[in-house]
Amino acid sequence: MDKETQLAELRREIDGIDAKIVELVDQRADVVRRVGELKGATGTAVFRPERENLILERAASLSRNFDGPAVKAIFREIISSCRALERTTTVAYLGPAGTFSEMAVLRQFGSSVEARPCSTIADVFRMTENSRTDFGVVPVENSTQGTVAVTLDLLLDTSLTIVGEVSIPIIHNLLTRSGDLSKVKTVMAHPQALAQCREWLSTHLPGARQVSCSSNAEGARIASEDDSVGAIASHRAAELYQLGIAGEGIQDWAGNRTRFLVLGHHPTHRSPEPGKDKTTFEFSMVNKAGALFEGLEPLARHGVSMTHLESRPARNGAWEYNFFVDVEGHIEDEAVKKALTEIKAETAVFKFLGSYPKALD
Ligand SMILES: O=C(O)C(=O)C[C@]1(C(=O)O)C=C[C@@H](O)C=C1
């Protein structure tokens, strides 16, 4: 058999397999529709992040040819399309399109969602609190820049609960319309992105003017109209604004990541497997020696591990602080429930912010 005939035969085989994949995805969709009808009858939430994470991890562990992220990306889209058959999911995020917040939305929900860009983090909270969207996605922490203070402050007063978290690598690229670095006279980006790429810019574009703008996506939009403007932005922005990548992965720290919270109206169920959930709460105490230690003591007594502690000034002028705490486990776990009940009893202000599945890789 000559090479051409062999190629044609293999392609026929691929066509046959593709037809089977579509048939299987369709069968899956039929079952999900029935799940949707059941949920409609019982009034339960359509989006079940703990179930979705379990499916993604299981699928990733089964593949012979592909690594975890590749399999998860495929299944995320299958689940997203199936979920959309049950109900259209609406999500508010910090826009415009092309920001890392939009990437976080796609990472959590897949692309079969109605993603609504907002101009501030406060607007994301407001839009979701007013039930104009089912969910809101907000940045909470960057591995090099630290906490997003406005998000923590807004969590204090919100009626929403944390239903999930997403952690995405922040990969900055130098984007231009021509793809040619030598034409760039001005670099535009959000001030944080300019700061995160300082070394690369001083080596590769030492003479270029650096101009701050409201978001990296806005810089990309401007670059799409002018060859002399380069923008620092994501691959997604390059795609949206049809820009060439003149420098890839230009951030000074390779491990730069941002963590986003997914906010919703209904609490998330406990994950079917242990070790997959975390819980976030906030408390404040009167300002006296040992108060923080005393406040957190029930965690140690009940064997609950604390994974993160963050403080924010209470803004009452009394040098008091609000503490934001992440612990391992779900509020339905006996140890977590007992520890939090005791902390609540002993603290001046206490707010449970949510139990939710940990971010997947
Ligand atoms: O298992 C469910 O509850 C479903 O609705 C099905 C499904 C899926 O496609 O597998 C879809 C949406 C949920 O977020 C979780 C899983």
# chains A, B, ... in the order shown; residues from 1 in each chain; ligands from 1
>>> closest_atom_pairs(of="stretch 200-311 of chain A", to="stretch 74-95 of chain A", cutoff="12 Å", atoms="only C-alpha atoms", output="CSV")
residue,atom,partner,partner_atom,distance
A:Ser214,CA,A:Gly95,CA,10.1
A:Ser215,CA,A:Gly95,CA,8.2
A:Asn216,CA,A:Gly95,CA,10.0
A:Ala217,CA,A:Gly95,CA,8.2
A:Glu218,CA,A:Gly95,CA,9.5
A:Ala237,CA,A:Gly95,CA,11.6
A:Phe260,CA,A:Tyr93,CA,10.2
A:Leu261,CA,A:Tyr93,CA,10.5
A:Val262,CA,A:Val91,CA,9.2
A:Leu263,CA,A:Val91,CA,9.4
A:Gly264,CA,A:Val91,CA,9.4
>>> write_last_selection(atoms="C-alpha atoms", output="compact mmCIF listing (two decimals), in the first residue's frame")
# COMPACT_ATOMS: atom_id res chain seq x y z
CA SER A 214 -7.11 50.77 32.88
CA SER A 215 -6.62 47.13 31.84
CA ASN A 216 -4.28 45.05 29.70
CA ALA A 217 -7.16 44.33 27.35
CA GLU A 218 -7.65 48.07 26.82
CA ALA A 237 -6.23 39.19 24.29
CA PHE A 260 -9.92 34.14 41.85
CA LEU A 261 -13.02 33.49 43.95
CA VAL A 262 -16.31 32.36 42.43
CA LEU A 263 -19.23 33.93 44.28
CA GLY A 264 -22.78 32.60 44.11
>>> closest_atom_pairs(of="stretch 30-140 of chain A", to="stretch 220-231 of chain A", cutoff="12 Å", atoms="only C-alpha atoms", output="JSON lines")
{"residue": "A:Pro96", "atom": "CA", "partner": "A:Arg221", "partner_atom": "CA", "distance": 10.1}
{"residue": "A:Ala97", "atom": "CA", "partner": "A:Arg221", "partner_atom": "CA", "distance": 10.3}
{"residue": "A:Gly98", "atom": "CA", "partner": "A:Ala220", "partner_atom": "CA", "distance": 8.7}
{"residue": "A:Thr99", "atom": "CA", "partner": "A:Ala220", "partner_atom": "CA", "distance": 10.2}
>>> closest_residue(among="A:His204, A:His269, A:Lys3, A:Arg132", to="ligand 1", atoms="only C-alpha atoms and all ligand atoms")
A:His269
>>> closest_residue(among="A:Asn53, A:Thr307, A:Ser63, A:Thr347", to="ligand 1", atoms="only C-alpha atoms and all ligand atoms")
A:Asn53
>>> select_by_dssp(residues="stretch 57-192 of chain A", states="strand (DSSP E)", output="PyMOL selection string")
chain A and resi 90-94+114-118+135-142+146-147+161-169+173-176+186-189
>>> write_last_selection(atoms="N, CA and C atoms", output="mmCIF file, in the first residue's frame")
data_model
loop_
_atom_site.group_PDB
_atom_site.id
_atom_site.type_symbol
_atom_site.label_atom_id
_atom_site.label_comp_id
_atom_site.auth_asym_id
_atom_site.auth_seq_id
_atom_site.Cartn_x
_atom_site.Cartn_y
_atom_site.Cartn_z
ATOM 1 N N THR A 90 -25.021 32.516 33.895
ATOM 2 C CA THR A 90 -24.534 33.879 33.660
ATOM 3 C C THR A 90 -23.484 34.225 34.723
ATOM 4 N N VAL A 91 -22.393 34.852 34.278
ATOM 5 C CA VAL A 91 -21.268 35.132 35.190
ATOM 6 C C VAL A 91 -20.761 36.557 34.983
ATOM 7 N N ALA A 92 -20.685 37.332 36.066
ATOM 8 C CA ALA A 92 -20.105 38.677 36.003
ATOM 9 C C ALA A 92 -18.612 38.584 36.311
ATOM 10 N N TYR A 93 -17.810 39.392 35.622
ATOM 11 C CA TYR A 93 -16.366 39.394 35.884
ATOM 12 C C TYR A 93 -15.807 40.775 35.598
ATOM 13 N N LEU A 94 -14.549 40.984 36.065
ATOM 14 C CA LEU A 94 -13.881 42.260 35.849
ATOM 15 C C LEU A 94 -13.371 42.302 34.409
ATOM 16 N N GLU A 114 -22.792 32.742 29.632
ATOM 17 C CA GLU A 114 -22.916 34.152 29.267
ATOM 18 C C GLU A 114 -22.064 34.927 30.248
ATOM 19 N N ALA A 115 -20.870 35.368 29.781
ATOM 20 C CA ALA A 115 -19.947 36.097 30.663
ATOM 21 C C ALA A 115 -20.188 37.591 30.468
ATOM 22 N N ARG A 116 -20.458 38.305 31.574
ATOM 23 C CA ARG A 116 -20.786 39.731 31.479
ATOM 24 C C ARG A 116 -19.691 40.585 32.102
ATOM 25 N N PRO A 117 -18.960 41.351 31.278
ATOM 26 C CA PRO A 117 -17.868 42.180 31.812
ATOM 27 C C PRO A 117 -18.387 43.345 32.656
ATOM 28 N N CYS A 118 -17.729 43.621 33.780
ATOM 29 C CA CYS A 118 -18.065 44.775 34.624
ATOM 30 C C CYS A 118 -16.833 45.668 34.690
ATOM 31 N N PHE A 135 -23.463 34.062 38.988
ATOM 32 C CA PHE A 135 -22.169 34.016 39.670
ATOM 33 C C PHE A 135 -21.356 35.264 39.372
ATOM 34 N N GLY A 136 -20.368 35.526 40.238
ATOM 35 C CA GLY A 136 -19.402 36.589 39.993
ATOM 36 C C GLY A 136 -18.014 36.020 40.215
ATOM 37 N N VAL A 137 -17.050 36.438 39.402
ATOM 38 C CA VAL A 137 -15.668 35.972 39.562
ATOM 39 C C VAL A 137 -14.779 37.176 39.849
ATOM 40 N N VAL A 138 -14.066 37.141 40.990
ATOM 41 C CA VAL A 138 -13.232 38.289 41.392
ATOM 42 C C VAL A 138 -11.821 37.834 41.784
ATOM 43 N N PRO A 139 -10.797 38.648 41.441
ATOM 44 C CA PRO A 139 -9.436 38.289 41.864
ATOM 45 C C PRO A 139 -9.293 38.505 43.363
ATOM 46 N N VAL A 140 -8.552 37.622 44.047
ATOM 47 C CA VAL A 140 -8.401 37.794 45.497
ATOM 48 C C VAL A 140 -6.939 37.853 45.924
ATOM 49 N N GLU A 141 -6.038 37.276 45.123
ATOM 50 C CA GLU A 141 -4.647 37.208 45.559
ATOM 51 C C GLU A 141 -3.728 36.945 44.375
ATOM 52 N N ASN A 142 -2.617 37.685 44.323
ATOM 53 C CA ASN A 142 -1.604 37.419 43.293
ATOM 54 C C ASN A 142 -0.322 36.985 43.977
ATOM 55 N N GLY A 146 0.474 40.125 46.093
ATOM 56 C CA GLY A 146 -0.264 39.995 47.350
ATOM 57 C C GLY A 146 -1.770 40.102 47.167
ATOM 58 N N THR A 147 -2.444 40.432 48.290
ATOM 59 C CA THR A 147 -3.905 40.402 48.345
ATOM 60 C C THR A 147 -4.556 41.515 47.539
ATOM 61 N N THR A 161 -22.037 33.886 48.739
ATOM 62 C CA THR A 161 -21.159 32.924 49.386
ATOM 63 C C THR A 161 -20.081 32.483 48.373
ATOM 64 N N ILE A 162 -18.907 32.092 48.877
ATOM 65 C CA ILE A 162 -17.860 31.614 47.965
ATOM 66 C C ILE A 162 -18.220 30.184 47.570
ATOM 67 N N VAL A 163 -18.332 29.933 46.274
ATOM 68 C CA VAL A 163 -18.709 28.582 45.818
ATOM 69 C C VAL A 163 -17.568 27.860 45.106
ATOM 70 N N GLY A 164 -16.485 28.589 44.812
ATOM 71 C CA GLY A 164 -15.367 27.939 44.132
ATOM 72 C C GLY A 164 -14.172 28.866 44.060
ATOM 73 N N GLU A 165 -13.032 28.322 43.669
ATOM 74 C CA GLU A 165 -11.837 29.146 43.455
ATOM 75 C C GLU A 165 -11.111 28.655 42.205
ATOM 76 N N VAL A 166 -10.421 29.574 41.561
ATOM 77 C CA VAL A 166 -9.671 29.249 40.351
ATOM 78 C C VAL A 166 -8.294 29.866 40.502
ATOM 79 N N SER A 167 -7.247 29.126 40.147
ATOM 80 C CA SER A 167 -5.912 29.697 40.188
ATOM 81 C C SER A 167 -5.346 29.603 38.779
ATOM 82 N N ILE A 168 -4.963 30.747 38.210
ATOM 83 C CA ILE A 168 -4.424 30.659 36.857
ATOM 84 C C ILE A 168 -3.034 31.303 36.763
ATOM 85 N N PRO A 169 -2.164 30.698 35.931
ATOM 86 C CA PRO A 169 -0.838 31.297 35.758
ATOM 87 C C PRO A 169 -0.995 32.617 35.010
ATOM 88 N N ASN A 173 2.506 38.670 27.657
ATOM 89 C CA ASN A 173 3.161 38.646 26.346
ATOM 90 C C ASN A 173 3.215 40.069 25.805
ATOM 91 N N LEU A 174 4.210 40.313 24.949
ATOM 92 C CA LEU A 174 4.267 41.624 24.292
ATOM 93 C C LEU A 174 3.558 41.470 22.952
ATOM 94 N N LEU A 175 2.433 42.154 22.798
ATOM 95 C CA LEU A 175 1.604 41.990 21.604
ATOM 96 C C LEU A 175 1.669 43.229 20.714
ATOM 97 N N THR A 176 1.784 42.999 19.411
ATOM 98 C CA THR A 176 1.747 44.126 18.471
ATOM 99 C C THR A 176 0.949 43.710 17.243
ATOM 100 N N THR A 186 5.849 52.776 22.019
ATOM 101 C CA THR A 186 5.118 52.930 23.286
ATOM 102 C C THR A 186 4.620 51.570 23.744
ATOM 103 N N VAL A 187 4.751 51.292 25.055
ATOM 104 C CA VAL A 187 4.186 50.047 25.601
ATOM 105 C C VAL A 187 3.044 50.423 26.538
ATOM 106 N N MET A 188 1.869 49.840 26.300
ATOM 107 C CA MET A 188 0.707 50.145 27.140
ATOM 108 C C MET A 188 0.260 48.902 27.902
ATOM 109 N N ALA A 189 -0.073 49.099 29.186
ATOM 110 C CA ALA A 189 -0.583 47.990 29.999
ATOM 111 C C ALA A 189 -1.076 48.544 31.329
#
>>> closest_residue(among="A:Gln108, A:Ser119, A:Gln251, A:Asn316", to="A:Ala359", atoms="only C-alpha atoms")
A:Gln108
>>> closest_residue(among="A:Ile17, A:Val25, A:Ala300, A:Met285", to="ligand 1", atoms="only C-alpha atoms and all ligand atoms")
A:Val25
>>> select_by_dssp(residues="stretch 241-298 of chain A", states="helix (DSSP H, G or I)", output="short mmCIF file (atom, residue, chain, number, x, y, z; two decimals) with C-alpha atoms, in the first residue's frame")
data_model
loop_
_atom_site.label_atom_id
_atom_site.label_comp_id
_atom_site.auth_asym_id
_atom_site.auth_seq_id
_atom_site.Cartn_x
_atom_site.Cartn_y
_atom_site.Cartn_z
CA ALA A 291 -6.51 37.76 70.96
CA LEU A 292 -5.61 36.26 67.58
CA PHE A 293 -4.07 33.18 69.21
CA GLU A 294 -7.16 32.70 71.39
CA GLY A 295 -9.51 33.23 68.46
CA LEU A 296 -7.85 30.53 66.39
CA GLU A 297 -7.18 28.06 69.20
CA PRO A 298 -10.28 25.89 68.44
#
>>> residues_around(residues="A:Phe100", least_positions_apart="2", cutoff="8 Å", atoms="only C-alpha atoms", output="short mmCIF file (atom, residue, chain, number, x, y, z; two decimals) with C-alpha atoms, in the first residue's frame")
data_model
loop_
_atom_site.label_atom_id
_atom_site.label_comp_id
_atom_site.auth_asym_id
_atom_site.auth_seq_id
_atom_site.Cartn_x
_atom_site.Cartn_y
_atom_site.Cartn_z
CA GLY A 98 -9.42 39.49 27.32
CA GLU A 102 -12.27 36.42 31.83
CA MET A 103 -9.74 33.56 31.59
CA ALA A 104 -10.70 32.57 35.14
CA ILE A 170 -0.32 34.92 34.78
CA SER A 234 -2.65 37.50 27.63
#
>>> residues_around(residues="A:Phe125", least_positions_apart="4", cutoff="8 Å", atoms="only C-alpha atoms", output="ChimeraX atom specification")
/A:121,129,136,154,158
>>> write_last_selection(atoms="N, CA and C atoms", output="PDB file, in the first residue's frame")
ATOM      1  N   ILE A 121     -14.503  45.793  40.450  1.00  0.00           N
ATOM      2  CA  ILE A 121     -14.766  44.599  41.272  1.00  0.00           C
ATOM      3  C   ILE A 121     -16.075  44.796  42.050  1.00  0.00           C
ATOM      4  N   GLU A 129     -25.073  40.173  43.433  1.00  0.00           N
ATOM      5  CA  GLU A 129     -25.960  40.333  44.600  1.00  0.00           C
ATOM      6  C   GLU A 129     -27.392  40.656  44.155  1.00  0.00           C
ATOM      7  N   GLY A 136     -20.368  35.526  40.238  1.00  0.00           N
ATOM      8  CA  GLY A 136     -19.402  36.589  39.993  1.00  0.00           C
ATOM      9  C   GLY A 136     -18.014  36.020  40.215  1.00  0.00           C
ATOM     10  N   LEU A 154     -15.016  43.922  50.327  1.00  0.00           N
ATOM     11  CA  LEU A 154     -16.384  43.712  49.834  1.00  0.00           C
ATOM     12  C   LEU A 154     -16.975  42.399  50.351  1.00  0.00           C
ATOM     13  N   THR A 158     -21.031  41.283  51.848  1.00  0.00           N
ATOM     14  CA  THR A 158     -21.832  40.672  50.789  1.00  0.00           C
ATOM     15  C   THR A 158     -22.802  39.622  51.313  1.00  0.00           C
TER      16      THR A 158
END
>>> atom_distance(atom1="atom CA of A:Val22", atom2="atom 14 (O, counted along the ligand's line) of ligand 1")
20.5 Å
>>> residues_around(residues="A:Val336", least_positions_apart="5", cutoff="8 Å", atoms="only C-alpha atoms", output="CSV table (one decimal) with C-alpha atoms, in the first residue's frame")
chain,number,residue,atom,x,y,z
A,299,LEU,CA,-8.8,25.0,65.0
A,302,HIS,CA,-10.2,20.1,66.6
A,304,VAL,CA,-8.3,21.6,61.5
A,329,GLY,CA,-12.2,20.9,54.9
A,330,HIS,CA,-15.9,21.6,54.5
A,331,ILE,CA,-18.3,23.1,57.0
>>> residues_around(residues="A:Ser284", least_positions_apart="5", cutoff="12 Å", atoms="only C-alpha atoms", output="list of chain:residue names")
A:Leu156, A:Ala291, A:Leu292, A:Glu294, A:Gly295, A:Leu296, A:Glu310, A:Ser311, A:Arg312, A:Pro313, A:Ala314, A:Arg315, A:Asn316, A:Trp319, A:Glu320, A:Tyr321, A:Asn322, A:Phe323, A:Phe324, A:Val325, A:Ile343, A:Lys344, A:Ala345, A:Glu346, A:Thr347, A:Ala348, A:Val349, A:Phe350, A:Lys351
>>> closest_residue(among="A:Gln6, A:Thr341, A:Gln27, A:Thr128", to="ligand 1", atoms="only C-alpha atoms and all ligand atoms")
A:Gln27
>>> closest_residue(among="A:Val124, A:Ala318, A:Ile55, A:Val327", to="A:Ser271", atoms="only C-alpha atoms")
A:Ile55
>>> atom_distance(atom1="atom CA of A:Asp26", atom2="atom 10 (O, counted along the ligand's line) of ligand 1")
12.5 Å
